[in-house]
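Participant: What follows is input-v3.pdb; its format and atoms are PDB, C-alpha atoms.
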```pdb
ATOM      1  CA  MET A   1       1.271 -21.611   0.288
ATOM      2  CA  LEU A   2      -0.815 -18.665   1.464
ATOM      3  CA  ALA A   3       2.316 -16.729   2.445
ATOM      4  CA  ALA A   4       3.949 -17.432  -0.925
ATOM      5  CA  GLY A   5       0.829 -16.208  -2.702
ATOM      6  CA  GLY A   6       1.358 -12.780  -1.172
ATOM      7  CA  CYS A   7       4.770 -12.411  -2.843
ATOM      8  CA  ALA A   8       3.333 -11.723  -6.312
ATOM      9  CA  GLY A   9       0.704  -9.499  -7.864
ATOM     10  CA  PRO A  10       0.367  -5.980  -9.283
ATOM     11  CA  LEU A  11       1.041  -4.327  -5.899
ATOM     12  CA  SER A  12       3.668  -6.711  -4.528
ATOM     13  CA  VAL A  13       6.966  -5.190  -3.399
ATOM     14  CA  LEU A  14       8.441  -8.696  -3.553
ATOM     15  CA  ASP A  15       7.779  -9.028  -7.305
ATOM     16  CA  PRO A  16      10.021  -6.250  -8.665
ATOM     17  CA  ALA A  17      10.042  -5.319 -12.335
ATOM     18  CA  GLY A  18      12.936  -2.858 -12.261
ATOM     19  CA  PRO A  19      16.329  -2.288 -10.624
ATOM     20  CA  HIS A  20      15.156   0.253  -8.056
ATOM     21  CA  ALA A  21      12.253  -1.918  -6.930
ATOM     22  CA  ALA A  22      14.652  -4.885  -6.793
ATOM     23  CA  SER A  23      16.819  -2.950  -4.325
ATOM     24  CA  VAL A  24      13.763  -2.298  -2.158
ATOM     25  CA  ALA A  25      12.829  -5.991  -2.263
ATOM     26  CA  THR A  26      16.389  -7.000  -1.380
ATOM     27  CA  LEU A  27      16.332  -4.657   1.612
ATOM     28  CA  TRP A  28      13.040  -6.223   2.733
ATOM     29  CA  TRP A  29      14.535  -9.709   2.654
ATOM     30  CA  VAL A  30      17.672  -8.582   4.491
ATOM     31  CA  MET A  31      15.582  -6.892   7.196
ATOM     32  CA  LEU A  32      13.463 -10.023   7.503
ATOM     33  CA  ALA A  33      16.634 -12.073   8.006
ATOM     34  CA  GLY A  34      17.793  -9.642  10.693
ATOM     35  CA  ALA A  35      14.425  -9.793  12.440
ATOM     36  CA  VAL A  36      14.489 -13.602  12.377
ATOM     37  CA  LEU A  37      18.016 -13.575  13.804
ATOM     38  CA  LEU A  38      17.045 -11.304  16.690
ATOM     39  CA  ALA A  39      13.833 -13.225  17.368
ATOM     40  CA  GLY A  40      15.787 -16.485  17.351
ATOM     41  CA  LEU A  41      18.219 -15.033  19.875
ATOM     42  CA  VAL A  42      15.389 -13.998  22.198
ATOM     43  CA  PHE A  43      13.695 -17.414  22.020
ATOM     44  CA  ALA A  44      17.040 -19.168  22.554
ATOM     45  CA  LEU A  45      17.663 -17.103  25.682
ATOM     46  CA  LEU A  46      14.185 -17.883  26.978
ATOM     47  CA  ALA A  47      14.720 -21.595  26.387
ATOM     48  CA  LEU A  48      18.120 -21.454  28.050
ATOM     49  CA  ALA A  49      16.681 -19.635  31.058
ATOM     50  CA  MET A  50      14.021 -22.323  31.484
ATOM     51  CA  VAL A  51      16.567 -25.141  31.193
ATOM     52  CA  ARG A  52      18.935 -23.568  33.684
ATOM     53  CA  ARG A  53      16.295 -22.554  36.179
ATOM     54  CA  HIS A  54      17.227 -25.458  38.461
ATOM     55  CA  SER A  55      20.926 -25.380  37.677
ATOM     56  CA  LYS A  56      23.403 -24.531  40.435
ATOM     57  CA  ARG A  57      25.952 -23.060  37.994
ATOM     58  CA  GLU A  58      26.794 -19.431  38.617
ATOM     59  CA  VAL A  59      25.195 -17.026  36.196
ATOM     60  CA  VAL A  60      27.224 -13.982  35.174
ATOM     61  CA  GLU A  61      24.567 -11.298  34.669
ATOM     62  CA  ARG A  62      26.935  -8.796  33.072
ATOM     63  CA  ARG A  63      27.842 -11.258  30.303
ATOM     64  CA  TRP A  64      24.186 -11.858  29.442
ATOM     65  CA  ILE A  65      23.035  -8.257  29.702
ATOM     66  CA  ILE A  66      25.947  -6.579  27.928
ATOM     67  CA  GLY A  67      27.049  -9.319  25.559
ATOM     68  CA  LEU A  68      23.718 -10.706  24.375
ATOM     69  CA  GLY A  69      21.300  -8.003  25.505
ATOM     70  CA  LEU A  70      23.165  -5.000  24.100
ATOM     71  CA  VAL A  71      26.098  -5.920  21.872
ATOM     72  CA  MET A  72      24.369  -8.570  19.748
ATOM     73  CA  PRO A  73      21.163  -6.590  18.936
ATOM     74  CA  SER A  74      23.180  -3.398  18.362
ATOM     75  CA  ALA A  75      25.475  -5.179  15.912
ATOM     76  CA  VAL A  76      22.541  -6.595  13.937
ATOM     77  CA  LEU A  77      20.660  -3.286  13.867
ATOM     78  CA  LEU A  78      23.747  -1.298  12.859
ATOM     79  CA  ALA A  79      24.441  -3.778  10.067
ATOM     80  CA  LEU A  80      20.867  -3.417   8.820
ATOM     81  CA  LEU A  81      21.103   0.395   9.008
ATOM     82  CA  GLY A  82      24.372   0.427   7.089
ATOM     83  CA  TYR A  83      22.959  -1.829   4.388
ATOM     84  CA  ALA A  84      19.810   0.320   4.110
ATOM     85  CA  LEU A  85      21.910   3.483   3.691
ATOM     86  CA  PHE A  86      24.048   1.748   1.073
ATOM     87  CA  LEU A  87      21.029   0.653  -0.968
ATOM     88  CA  GLY A  88      19.333   4.020  -0.492
ATOM     89  CA  GLY A  89      22.316   5.786  -2.000
ATOM     90  CA  ARG A  90      22.225   3.515  -5.046
ATOM     91  CA  ILE A  91      18.629   4.391  -5.957
ATOM     92  CA  LEU A  92      18.900   8.177  -5.596
ATOM     93  CA  PRO A  93      18.501  10.196  -8.812
ATOM     94  CA  THR A  94      21.961  10.753 -10.283
ATOM     95  CA  PRO A  95      22.923  12.391 -13.595
ATOM     96  CA  ALA A  96      22.562  10.051 -16.558
ATOM     97  CA  PRO A  97      22.523  10.950 -20.271
ATOM     98  CA  ASP A  98      19.404   8.912 -21.083
ATOM     99  CA  THR A  99      17.266  10.073 -18.156
ATOM    100  CA  VAL A 100      13.658  11.072 -18.864
ATOM    101  CA  THR A 101      12.064  13.701 -16.610
ATOM    102  CA  ILE A 102       8.282  13.724 -16.113
ATOM    103  CA  GLY A 103       6.164  16.029 -13.959
ATOM    104  CA  VAL A 104       3.633  14.455 -11.593
ATOM    105  CA  GLU A 105       0.780  16.397  -9.991
ATOM    106  CA  ALA A 106      -1.519  14.796  -7.442
ATOM    107  CA  ARG A 107      -4.920  16.055  -6.378
ATOM    108  CA  ARG A 108      -8.126  14.682  -4.934
ATOM    109  CA  TYR A 109      -8.555  12.179  -6.493
ATOM    110  CA  ALA A 110      -6.535  12.065  -9.679
ATOM    111  CA  TRP A 111      -3.010  12.129 -11.061
ATOM    112  CA  ALA A 112      -1.755  14.337 -13.907
ATOM    113  CA  PHE A 113       1.487  13.499 -15.742
ATOM    114  CA  ARG A 114       3.349  16.018 -17.904
ATOM    115  CA  HIS A 115       5.591  14.180 -20.364
ATOM    116  CA  PRO A 116       8.680  15.562 -22.143
ATOM    117  CA  GLY A 117       6.822  16.190 -25.397
ATOM    118  CA  GLY A 118       4.363  18.449 -23.574
ATOM    119  CA  GLN A 119       1.572  15.875 -23.486
ATOM    120  CA  VAL A 120      -0.436  15.790 -20.256
ATOM    121  CA  THR A 121      -2.255  12.593 -19.376
ATOM    122  CA  GLN A 122      -4.709  11.881 -16.592
ATOM    123  CA  GLY A 123      -4.263   8.662 -14.636
ATOM    124  CA  VAL A 124      -1.807   7.100 -17.110
ATOM    125  CA  LEU A 125       1.955   7.547 -16.896
ATOM    126  CA  HIS A 126       3.999   6.651 -19.975
ATOM    127  CA  ILE A 127       7.668   5.752 -19.508
ATOM    128  CA  PRO A 128      10.374   4.112 -21.649
ATOM    129  CA  ALA A 129      11.472   0.635 -20.554
ATOM    130  CA  GLY A 130      15.150   0.150 -19.796
ATOM    131  CA  ARG A 131      15.832   3.830 -19.060
ATOM    132  CA  PRO A 132      15.861   5.810 -15.790
ATOM    133  CA  VAL A 133      12.864   8.072 -15.293
ATOM    134  CA  ASP A 134      12.958  10.976 -12.844
ATOM    135  CA  LEU A 135       9.568  12.048 -11.539
ATOM    136  CA  VAL A 136       9.172  15.587 -10.214
ATOM    137  CA  ILE A 137       6.256  15.173  -7.817
ATOM    138  CA  THR A 138       3.975  17.755  -6.220
ATOM    139  CA  ALA A 139       0.346  18.164  -5.108
ATOM    140  CA  THR A 140      -2.329  20.844  -5.354
ATOM    141  CA  ASP A 141      -4.362  20.292  -2.180
ATOM    142  CA  VAL A 142      -3.251  17.841   0.525
ATOM    143  CA  ILE A 143      -0.349  15.413   0.975
ATOM    144  CA  HIS A 144      -0.507  12.370  -1.282
ATOM    145  CA  SER A 145       2.069   9.635  -1.866
ATOM    146  CA  PHE A 146       3.194   8.281  -5.229
ATOM    147  CA  TRP A 147       3.824   4.532  -5.193
ATOM    148  CA  VAL A 148       4.388   1.950  -7.917
ATOM    149  CA  PRO A 149       5.422  -1.097  -5.826
ATOM    150  CA  ARG A 150       6.966  -3.079  -8.697
ATOM    151  CA  LEU A 151       9.047  -0.142  -9.986
ATOM    152  CA  ALA A 152      10.219   1.922  -6.991
ATOM    153  CA  GLY A 153       9.607   3.001  -3.430
ATOM    154  CA  LYS A 154       7.198   5.659  -2.211
ATOM    155  CA  MET A 155       7.510   9.433  -2.482
ATOM    156  CA  ASP A 156       5.242  12.038  -0.915
ATOM    157  CA  ALA A 157       3.467  14.609  -3.057
ATOM    158  CA  ILE A 158       3.369  17.818  -0.985
ATOM    159  CA  PRO A 159       1.560  21.058  -1.887
ATOM    160  CA  GLY A 160       3.999  23.884  -2.613
ATOM    161  CA  HIS A 161       6.986  21.528  -2.662
ATOM    162  CA  THR A 162       8.559  19.207  -5.217
ATOM    163  CA  ASN A 163      10.140  15.832  -4.544
ATOM    164  CA  ARG A 164      12.116  13.774  -7.021
ATOM    165  CA  LEU A 165      11.825  10.006  -7.399
ATOM    166  CA  ARG A 166      13.656   7.774  -9.868
ATOM    167  CA  ILE A 167      11.852   4.752 -11.268
ATOM    168  CA  ALA A 168      12.807   2.264 -13.955
ATOM    169  CA  ALA A 169      11.083  -0.631 -15.681
ATOM    170  CA  ALA A 170      13.336  -3.452 -16.838
ATOM    171  CA  ARG A 171      10.922  -4.463 -19.588
ATOM    172  CA  PRO A 172       7.800  -3.171 -21.340
ATOM    173  CA  GLY A 173       4.535  -3.757 -19.529
ATOM    174  CA  THR A 174       1.696  -2.248 -17.540
ATOM    175  CA  TYR A 175       2.099  -1.580 -13.834
ATOM    176  CA  ARG A 176      -0.289  -0.446 -11.135
ATOM    177  CA  GLY A 177       0.299   2.599  -8.967
ATOM    178  CA  GLU A 178      -1.499   3.838  -5.859
ATOM    179  CA  CYS A 179      -1.670   6.793  -3.526
ATOM    180  CA  ALA A 180      -0.035   5.485  -0.354
ATOM    181  CA  GLU A 181      -1.131   8.367   1.899
ATOM    182  CA  TYR A 182      -4.716   8.646   3.146
ATOM    183  CA  CYS A 183      -5.988  11.818   1.481
ATOM    184  CA  GLY A 184      -9.756  11.770   2.041
ATOM    185  CA  THR A 185     -12.900   9.850   1.305
ATOM    186  CA  GLY A 186     -11.868   9.050  -2.284
ATOM    187  CA  HIS A 187      -8.475   7.666  -1.339
ATOM    188  CA  ARG A 188      -9.497   4.080  -2.129
ATOM    189  CA  GLU A 189      -9.886   4.903  -5.821
ATOM    190  CA  HIS A 190      -6.877   7.208  -6.057
ATOM    191  CA  GLY A 191      -4.770   4.965  -8.296
ATOM    192  CA  PHE A 192      -3.117   5.222 -11.681
ATOM    193  CA  THR A 193      -1.495   3.102 -14.402
ATOM    194  CA  VAL A 194       2.097   3.086 -15.617
ATOM    195  CA  ILE A 195       2.780   1.888 -19.154
ATOM    196  CA  ALA A 196       6.407   1.089 -19.993
ATOM    197  CA  HIS A 197       7.059   1.175 -23.744
ATOM    198  CA  ASP A 198       9.815  -0.403 -25.793
ATOM    199  CA  ALA A 199      12.078   1.922 -27.820
ATOM    200  CA  ALA A 200       9.797   1.887 -30.863
ATOM    201  CA  GLY A 201       6.660   2.519 -28.843
ATOM    202  CA  TRP A 202       8.274   5.372 -26.935
ATOM    203  CA  ALA A 203       9.515   6.981 -30.133
ATOM    204  CA  ALA A 204       6.038   6.673 -31.644
ATOM    205  CA  LEU A 205       4.660   8.711 -28.743
ATOM    206  CA  GLY A 206       7.125  11.490 -29.558
ATOM    207  CA  GLN A 207       8.022  11.855 -25.889
ATOM    208  CA  ASP A 208      11.714  12.621 -26.419
ATOM    209  CA  ARG A 209      11.045  15.780 -28.407
TER     210      ARG A 209
END
```
Please lay out the structure from this file as structure tokens.
Facilitator:
Amino acid sequence: MLAAGGCAGPLSVLDPAGPHAASVATLWWVMLAGAVLLAGLVFALLALAMVRRHSKREVVERRWIIGLGLVMPSAVLLALLGYALFLGGRILPTPAPDTVTIGVEARRYAWAFRHPGGQVTQGVLHIPAGRPVDLVITATDVIHSFWVPRLAGKMDAIPGHTNRLRIAAARPGTYRGECAEYCGTGHREHGFTVIAHDAAGWAALGQDR
């Protein structure tokens, strides 16, 4: 019950509220399955070694070392890598006619968001629900990291450099974001809020102008 309680909440990667975050959560579950498979293999080999310790049957070391010590873990890890690359390619920013682009600037210890209509907000990011949003992220002082666990993965905010991250909210709502890179003594309070609006609410903000 305690473990299940950690799968939900405003900062839970396992409680996605958008397609990109859902891909991240799926990758987490697949990697967990791979880790369980490899751990099960190791424990099975340990149990088998203890059972056969007094056996007089010949043990073929090459079969164990190459077959189960190298081939099996390599196959699992390569499968996980291939799946991660496949999912990673699906969540990269790609051209789309309804994409919204928003500038993000991080500093100690605040976030500034420049929306399409020219409005700049502090600590509150407004996005349309059901549409892809490309964030152009930078920083003014040190390295920060933009992270809204329920909407997308992490992206570093680097002084003098811009990174692009695509996020999307499947439905209107309010989501919590954090700086995921230790940036100084005020890092603990370096968070922000994301508000996803329905079509009418987004139009009322005049953000598409």
Participant: Go ahead and compute the interatomic distance for CA of Ile127 in chain A and CA of Gly184 in chain A, in Å to one decimal.
Facilitator: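 So the answer is 28.4 Å.
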Participant: If the PyMOL selection byres ((chain A and resi 104) around 6) were run on this exact file, what residues would it hold? Put them as number ranges by chain.
Facilitator: A: 103, 105, 112-113, 136-137
Participant: Do you have, as CSV, the list of residues of range 3-44 of chain A lying at most 8 Å from range 78-101 of chain A, each with its nearest atom pair and that distance in Å to one decimal, counting only C-alpha atoms and ordered by chain then number?
Facilitator:
```
residue,atom,partner,partner_atom,distance
A:His20,CA,A:Ile91,CA,5.8
A:Ser23,CA,A:Leu87,CA,6.5
A:Val24,CA,A:Leu87,CA,7.9
A:Leu27,CA,A:Ala84,CA,6.6
A:Val30,CA,A:Leu80,CA,7.5
A:Met31,CA,A:Leu80,CA,6.5
A:Gly34,CA,A:Leu80,CA,7.2
```
Participant: Written as a list in words, which residues does the PyMOL selection byres ((chain A and resi 119) around 12) give for the file shown?
Facilitator: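 Evaluating the PyMOL selection byres ((chain A and resi 119) around 12) on these coordinates yields Ile102, Gly103, Ala112, Phe113, Arg114, His115, Pro116, Gly117, Gly118, Val120, Thr121, Gln122, Val124, Leu125, His126, Leu205, Gly206, Gln207, Asp208 and Arg209 of chain A.
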Participant: For the file shown, what are the residues hit by the PyMOL selection byres ((chain A and resi 107) around 12), laid out as JSON, numbers by chain?
Facilitator: {"A": [104, 105, 106, 108, 109, 110, 111, 112, 113, 122, 123, 137, 138, 139, 140, 141, 142, 143, 144, 145, 146, 157, 158, 159, 179, 181, 183, 184, 186, 187, 190, 191]}
